[in-house]
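S.K.: The structure file upload-v5.csv (CSV, C-alpha atoms) is provided below.
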chain,number,residue,atom,x,y,z
A,1,GLU,CA,105.4,111.4,74.7
A,2,ARG,CA,105.8,112.9,78.1
A,3,GLU,CA,109.2,114.2,79.2
A,4,ASP,CA,109.0,112.7,82.7
A,5,ARG,CA,108.8,109.1,81.5
A,6,ASP,CA,111.8,107.0,82.2
A,7,PRO,CA,113.1,105.4,78.9
A,8,ARG,CA,114.1,102.3,80.9
A,9,VAL,CA,110.4,101.5,81.5
A,10,CYS,CA,109.1,99.2,78.8
A,11,SER,CA,105.5,100.4,78.9
A,12,TYR,CA,103.1,102.7,80.8
A,13,ILE,CA,99.4,102.3,81.5
A,14,GLN,CA,97.3,105.3,82.6
A,15,ALA,CA,94.8,104.2,85.2
A,16,ASP,CA,92.7,105.7,88.0
A,17,VAL,CA,92.8,104.0,91.4
A,18,THR,CA,89.2,105.0,92.0
A,19,ASN,CA,88.2,103.0,88.9
A,20,LEU,CA,88.3,99.3,89.6
A,21,GLU,CA,88.0,98.3,85.9
A,22,ASP,CA,91.1,100.4,85.1
A,23,LEU,CA,93.1,98.5,87.7
A,24,ILE,CA,91.9,95.1,86.6
A,25,VAL,CA,93.2,95.8,83.1
A,26,ALA,CA,96.4,97.3,84.4
A,27,PHE,CA,97.3,94.4,86.6
A,28,LYS,CA,96.8,91.6,84.0
A,29,GLU,CA,99.8,89.2,84.0
A,30,ILE,CA,101.5,91.1,86.8
A,31,ASP,CA,103.2,89.3,89.7
A,32,VAL,CA,103.9,92.3,92.0
A,33,VAL,CA,102.2,95.7,92.7
A,34,PHE,CA,103.9,98.6,94.5
A,35,HIS,CA,101.0,100.8,95.5
A,36,LEU,CA,102.3,104.4,96.0
A,37,ALA,CA,99.3,106.4,94.6
A,38,GLY,CA,97.5,108.7,97.0
A,39,LEU,CA,96.5,112.2,97.9
A,40,LEU,CA,98.7,114.3,100.1
A,41,PRO,CA,97.2,116.8,102.6
A,42,ASN,CA,96.9,120.4,101.4
A,43,LEU,CA,94.4,123.2,101.5
A,44,ILE,CA,92.6,122.2,98.3
A,45,VAL,CA,92.0,118.5,99.0
A,46,SER,CA,88.8,117.7,100.7
A,47,LYS,CA,88.4,115.0,103.3
A,48,ALA,CA,85.9,113.2,101.1
A,49,ASP,CA,88.3,113.1,98.1
A,50,MET,CA,91.2,112.0,100.4
A,51,TYR,CA,89.2,109.0,101.6
A,52,ARG,CA,87.9,108.2,98.2
A,53,VAL,CA,91.4,108.0,96.7
A,54,ASN,CA,93.5,106.8,99.7
A,55,VAL,CA,91.0,104.3,101.2
A,56,ASP,CA,88.6,103.3,98.4
A,57,GLY,CA,91.4,103.4,95.8
A,58,THR,CA,93.5,101.1,97.9
A,59,LYS,CA,90.6,98.7,98.4
A,60,ASN,CA,90.3,98.7,94.6
A,61,VAL,CA,94.0,97.9,94.3
A,62,VAL,CA,93.5,94.9,96.6
A,63,THR,CA,90.5,93.7,94.7
A,64,ALA,CA,92.3,94.0,91.3
A,65,CYS,CA,95.2,92.0,92.8
A,66,PHE,CA,92.7,89.2,93.7
A,67,GLU,CA,91.1,89.3,90.3
A,68,ASN,CA,94.4,88.9,88.5
A,69,GLY,CA,96.2,86.5,90.8
A,70,VAL,CA,98.8,89.0,91.8
A,71,LYS,CA,101.3,87.4,94.2
A,72,ARG,CA,102.7,90.4,96.1
A,73,LEU,CA,101.5,93.8,97.1
A,74,ILE,CA,103.7,96.4,98.8
A,75,TYR,CA,101.8,99.5,100.1
A,76,THR,CA,103.4,102.9,100.9
A,77,SER,CA,101.8,104.0,104.1
A,78,THR,CA,103.1,106.8,106.4
A,79,TYR,CA,104.5,107.1,110.0
A,80,GLN,CA,101.5,109.4,110.7
A,81,VAL,CA,99.2,106.4,111.0
A,82,VAL,CA,100.4,105.8,114.6
A,83,LEU,CA,100.2,109.4,115.7
A,84,THR,CA,97.6,110.9,118.0
A,85,LYS,CA,97.2,114.4,119.4
A,86,LYS,CA,98.9,113.1,122.6
A,87,GLY,CA,101.7,111.2,121.0
A,88,VAL,CA,102.3,107.7,119.5
A,89,TYR,CA,99.5,105.2,119.5
A,90,SER,CA,100.3,101.7,120.7
A,91,ASP,CA,98.4,98.7,122.1
A,92,PRO,CA,99.3,96.9,125.4
A,93,SER,CA,101.8,94.6,123.7
A,94,GLY,CA,103.8,97.6,122.6
A,95,VAL,CA,102.9,97.1,118.9
A,96,ASN,CA,102.0,100.2,116.9
A,97,PRO,CA,98.8,99.4,115.0
A,98,PRO,CA,97.3,102.0,112.6
A,99,ASN,CA,95.2,104.5,114.5
A,100,SER,CA,92.1,104.5,112.3
A,101,LYS,CA,89.6,105.3,115.1
A,102,ASN,CA,91.0,108.6,116.4
A,103,PRO,CA,93.5,109.7,113.8
A,104,LEU,CA,95.7,112.8,114.0
A,105,ASN,CA,94.2,114.3,110.8
A,106,PRO,CA,92.1,113.1,107.8
A,107,TYR,CA,95.3,112.2,105.8
A,108,ALA,CA,96.5,110.0,108.7
A,109,GLY,CA,93.1,108.5,109.1
A,110,SER,CA,92.8,107.6,105.4
A,111,LYS,CA,96.2,106.0,105.3
A,112,ALA,CA,95.5,104.1,108.4
A,113,LEU,CA,92.3,102.6,107.0
A,114,ALA,CA,94.2,101.8,103.7
A,115,GLU,CA,97.0,100.1,105.6
A,116,GLU,CA,94.5,98.0,107.5
A,117,ALA,CA,92.9,96.8,104.3
A,118,VAL,CA,96.3,95.9,102.8
A,119,CYS,CA,97.5,94.0,105.8
A,120,LYS,CA,94.2,92.2,106.3
A,121,ALA,CA,94.4,91.0,102.6
A,122,ASN,CA,97.5,89.0,103.3
A,123,GLY,CA,96.9,85.3,102.6
A,124,GLU,CA,93.7,85.8,100.7
A,125,GLU,CA,93.7,84.5,97.1
A,126,GLY,CA,97.4,83.7,97.5
A,127,LEU,CA,98.3,87.4,97.9
A,128,ALA,CA,101.3,88.3,100.2
A,129,THR,CA,101.2,91.9,101.4
A,130,CYS,CA,103.4,94.3,103.3
A,131,ALA,CA,103.0,98.0,104.3
A,132,LEU,CA,105.9,100.5,104.8
A,133,ARG,CA,105.7,103.6,106.9
A,134,PRO,CA,108.3,106.2,105.7
A,135,GLY,CA,109.2,109.3,107.7
A,136,ILE,CA,109.2,112.6,105.8
A,137,ILE,CA,110.8,111.8,102.5
A,138,LEU,CA,113.8,113.8,101.2
A,139,ALA,CA,114.2,114.0,97.4
A,140,ALA,CA,117.5,113.5,95.6
A,141,ASP,CA,118.4,117.2,96.0
A,142,ASN,CA,117.8,116.8,99.8
A,143,ARG,CA,114.7,118.9,99.8
A,144,ALA,CA,111.4,117.6,101.4
A,145,THR,CA,109.0,116.2,98.8
A,146,GLN,CA,105.9,118.1,100.0
A,147,LEU,CA,104.0,119.1,96.9
A,148,HIS,CA,102.0,122.0,98.3
A,149,ALA,CA,104.3,123.2,101.2
A,150,ARG,CA,104.0,126.9,100.3
A,151,ARG,CA,100.2,126.8,100.8
A,152,MET,CA,100.6,125.7,104.5
A,153,CYS,CA,101.4,127.6,107.6
A,154,TYR,CA,103.6,126.4,110.5
A,155,TYR,CA,104.4,127.3,114.1
A,156,ASP,CA,107.4,125.9,115.9
A,157,ASP,CA,108.9,126.8,119.3
A,158,GLY,CA,112.2,125.2,118.5
A,159,ARG,CA,111.6,122.0,120.5
A,160,ASP,CA,109.8,119.9,117.8
A,161,HIS,CA,111.7,117.3,115.8
A,162,VAL,CA,110.8,115.1,112.8
A,163,HIS,CA,112.3,112.0,111.2
A,164,VAL,CA,113.4,112.4,107.6
A,165,VAL,CA,114.5,109.7,105.2
A,166,PRO,CA,116.2,109.8,101.8
A,167,ILE,CA,114.0,108.7,98.9
A,168,SER,CA,116.7,106.2,97.9
A,169,ALA,CA,116.3,104.5,101.3
A,170,VAL,CA,112.5,104.4,100.8
A,171,ALA,CA,113.0,102.8,97.4
A,172,SER,CA,115.4,100.2,98.8
A,173,ALA,CA,112.9,99.3,101.6
A,174,HIS,CA,110.2,98.6,99.0
A,175,LEU,CA,112.5,96.3,97.1
A,176,LEU,CA,113.7,94.5,100.2
A,177,ALA,CA,110.1,93.9,101.3
A,178,GLU,CA,109.2,92.6,97.9
A,179,GLN,CA,112.2,90.2,97.9
A,180,LYS,CA,111.2,88.9,101.3
A,181,LEU,CA,107.7,88.2,100.2
A,182,LEU,CA,109.0,86.6,97.0
A,183,ARG,CA,111.1,84.1,99.0
A,184,GLU,CA,108.7,83.3,101.8
A,185,GLY,CA,105.2,84.3,100.6
A,186,CYS,CA,102.2,84.8,102.8
A,187,THR,CA,103.9,83.2,105.8
A,188,SER,CA,106.9,85.6,105.8
A,189,VAL,CA,107.7,87.6,108.9
A,190,ALA,CA,107.0,90.6,106.7
A,191,ALA,CA,103.7,89.4,105.4
A,192,GLY,CA,100.6,91.2,106.6
A,193,LYS,CA,102.8,93.6,108.7
A,194,ALA,CA,103.7,97.2,108.6
A,195,TYR,CA,107.3,98.5,109.1
A,196,PHE,CA,108.7,102.0,109.8
A,197,VAL,CA,111.3,103.4,107.4
A,198,ALA,CA,112.8,106.2,109.5
A,199,GLY,CA,115.9,108.2,109.2
A,200,LYS,CA,117.7,111.1,110.8
A,201,ARG,CA,115.9,113.1,113.5
A,202,VAL,CA,116.1,116.8,112.8
A,203,PRO,CA,114.6,120.0,114.3
A,204,PHE,CA,111.4,120.9,112.7
A,205,ARG,CA,112.6,124.4,111.7
A,206,ASP,CA,115.5,122.8,109.8
A,207,PHE,CA,113.0,120.6,108.0
A,208,ILE,CA,111.0,123.6,107.0
A,209,GLY,CA,114.2,125.2,105.6
A,210,LYS,CA,114.7,122.2,103.4
A,211,MET,CA,111.1,122.3,102.3
A,212,ASP,CA,111.3,125.9,101.0
A,213,GLY,CA,114.9,125.6,99.7
A,214,SER,CA,116.4,128.1,102.1
A,215,THR,CA,119.1,125.6,103.3
How would this structure read if it were set down as structure tokens?

M.R.:
Amino acid sequence: EREDRDPRVCSYIQADVTNLEDLIVAFKEIDVVFHLAGLLPNLIVSKADMYRVNVDGTKNVVTACFENGVKRLIYTSTYQVVLTKKGVYSDPSGVNPPNSKNPLNPYAGSKALAEEAVCKANGEEGLATCALRPGIILAADNRATQLHARRMCYYDDGRDHVHVVPISAVASAHLLAEQKLLREGCTSVAAGKAYFVAGKRVPFRDFIGKMDGST
């Protein structure tokens, strides 16, 4: 028995998002799926693997939801899906669609394509979907939850800022989105849409301090 398993969870199923058959089995008799699985950017993850897990894996999740008649799917995207090398991507109406054609980096591109797949699936086979775009997530101890931060290099001139958000707020946003879809289904204002979950704006250098535990 693994030490990191929560005793309040009645059962666990080990499945691979890149294996559709695994997901079809895992989603049997399930009403709602929260899809948080994905590869984060670091020096050892290839672009091909990132797209295989983040894009193809998400499409498998959607298909498995269809196969099992799942009613609600909440997808964890990222604020990076709207970023470009020149700033924030938006269309003429002011809406911020995912920037899948000219992404900031492979991670942002993979998440943008995955978000598009989830939102497009809304209304098909009775499935209601919603995507959430958290800022940089802070764990319970107020440190940034970047798994391979020490393998990365950063440069900052003191002017850059990032938006951070507590993990508790991200969890609450997921639950609120699911409740909205539960009440109103595929026609909900949240259905087929993506929403930012942002928090405090902090200097980038302070964020790096939180990441390495120096503050």

S.K.: Between A:Thr76, A:Asn54, A:Ser188, A:Ser110, which one has atoms that come closest to A:Pro98, using only C-alpha atoms?

M.R.: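 Ranked by minimum distance to A:Pro98, first place goes to A:Ser110.
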
S.K.: For A:Ala64, list every protein, DNA or RNA residue within 8 Å, evaluated using all atoms listed in the file, and leave out those in the same chain fewer than 3 positions away; present the list as a PyMOL selection string.

M.R.: chain A and resi 20+23-24+27+60-61+67-68

S.K.: So the first atom is atom CA of A:Gly57 and the second is atom CA of A:Ile13; what is the distance between them in Å, to one decimal place?

M.R.: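 Atom CA of A:Gly57 sits 16.4 Å away from atom CA of A:Ile13.
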
S.K.: Could you check the closest approach to A:Ala171 for each of A:Lys28, A:Ile74, A:Ala114, A:Leu83 and tell me which residue wins, using all atoms listed in the file?

M.R.: A:Ile74

S.K.: Write out as a list in words each polymer residue whose atoms come within 10 Å of A:Asn102, counting all atoms listed in the file; drop sequence neighbours fewer than 5 positions from it.

M.R.: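 Within the cut-off, the hits are Val82, Leu83, Thr84, Lys85, Tyr89, Ala108 and Gly109 of chain A.
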
S.K.: Create the file for the chosen residues now, containing C-alpha atoms and written as a PDB file, in the coordinates of the input.

M.R.:
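Wrote again_18.pdb, looks like this:
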ATOM      1  CA  VAL A  82     100.400 105.800 114.600  1.00  0.00           C
ATOM      2  CA  LEU A  83     100.200 109.400 115.700  1.00  0.00           C
ATOM      3  CA  THR A  84      97.600 110.900 118.000  1.00  0.00           C
ATOM      4  CA  LYS A  85      97.200 114.400 119.400  1.00  0.00           C
ATOM      5  CA  TYR A  89      99.500 105.200 119.500  1.00  0.00           C
ATOM      6  CA  ALA A 108      96.500 110.000 108.700  1.00  0.00           C
ATOM      7  CA  GLY A 109      93.100 108.500 109.100  1.00  0.00           C
TER       8      GLY A 109
END

S.K.: Name all residues at most 7 Å from A:Arg72 (count only C-alpha atoms; drop same-chain ones fewer than 3 positions away) and give them as number ranges by chain.

M.R.: A: 31-33, 127-129, 181

S.K.: Dump C-alpha atoms for the selected residues as a PDB file, in the frame of the given file?

M.R.:
ATOM      1  CA  ASP A  31     103.200  89.300  89.700  1.00  0.00           C
ATOM      2  CA  VAL A  32     103.900  92.300  92.000  1.00  0.00           C
ATOM      3  CA  VAL A  33     102.200  95.700  92.700  1.00  0.00           C
ATOM      4  CA  LEU A 127      98.300  87.400  97.900  1.00  0.00           C
ATOM      5  CA  ALA A 128     101.300  88.300 100.200  1.00  0.00           C
ATOM      6  CA  THR A 129     101.200  91.900 101.400  1.00  0.00           C
ATOM      7  CA  LEU A 181     107.700  88.200 100.200  1.00  0.00           C
TER       8      LEU A 181
END

S.K.: Extract, using all atoms listed in the file, all DNA, RNA and protein residues at most 8 Å from A:Cys130, discarding same-chain residues fewer than 6 positions from it, and format them as a list in words.

M.R.: Leu73, Ile74, Tyr75, Val118, Cys119, Asn122, Ala177, Ala190, Ala191, Gly192, Lys193 and Ala194 of chain A

S.K.: Between A:Leu176, A:Val70, A:Ala37, A:Leu104, which one has atoms that come closest to A:Lys86, using only C-alpha atoms?

M.R.: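 Nearest to A:Lys86: A:Leu104.
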
S.K.: With distances taken over all atoms listed in the file, which residue among A:Tyr107, A:His174, A:Gly199, A:Lys71 lies nearest A:Leu43?

M.R.: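 Once distances to A:Leu43 are computed over all atoms listed in the file, the minimum belongs to A:Tyr107.
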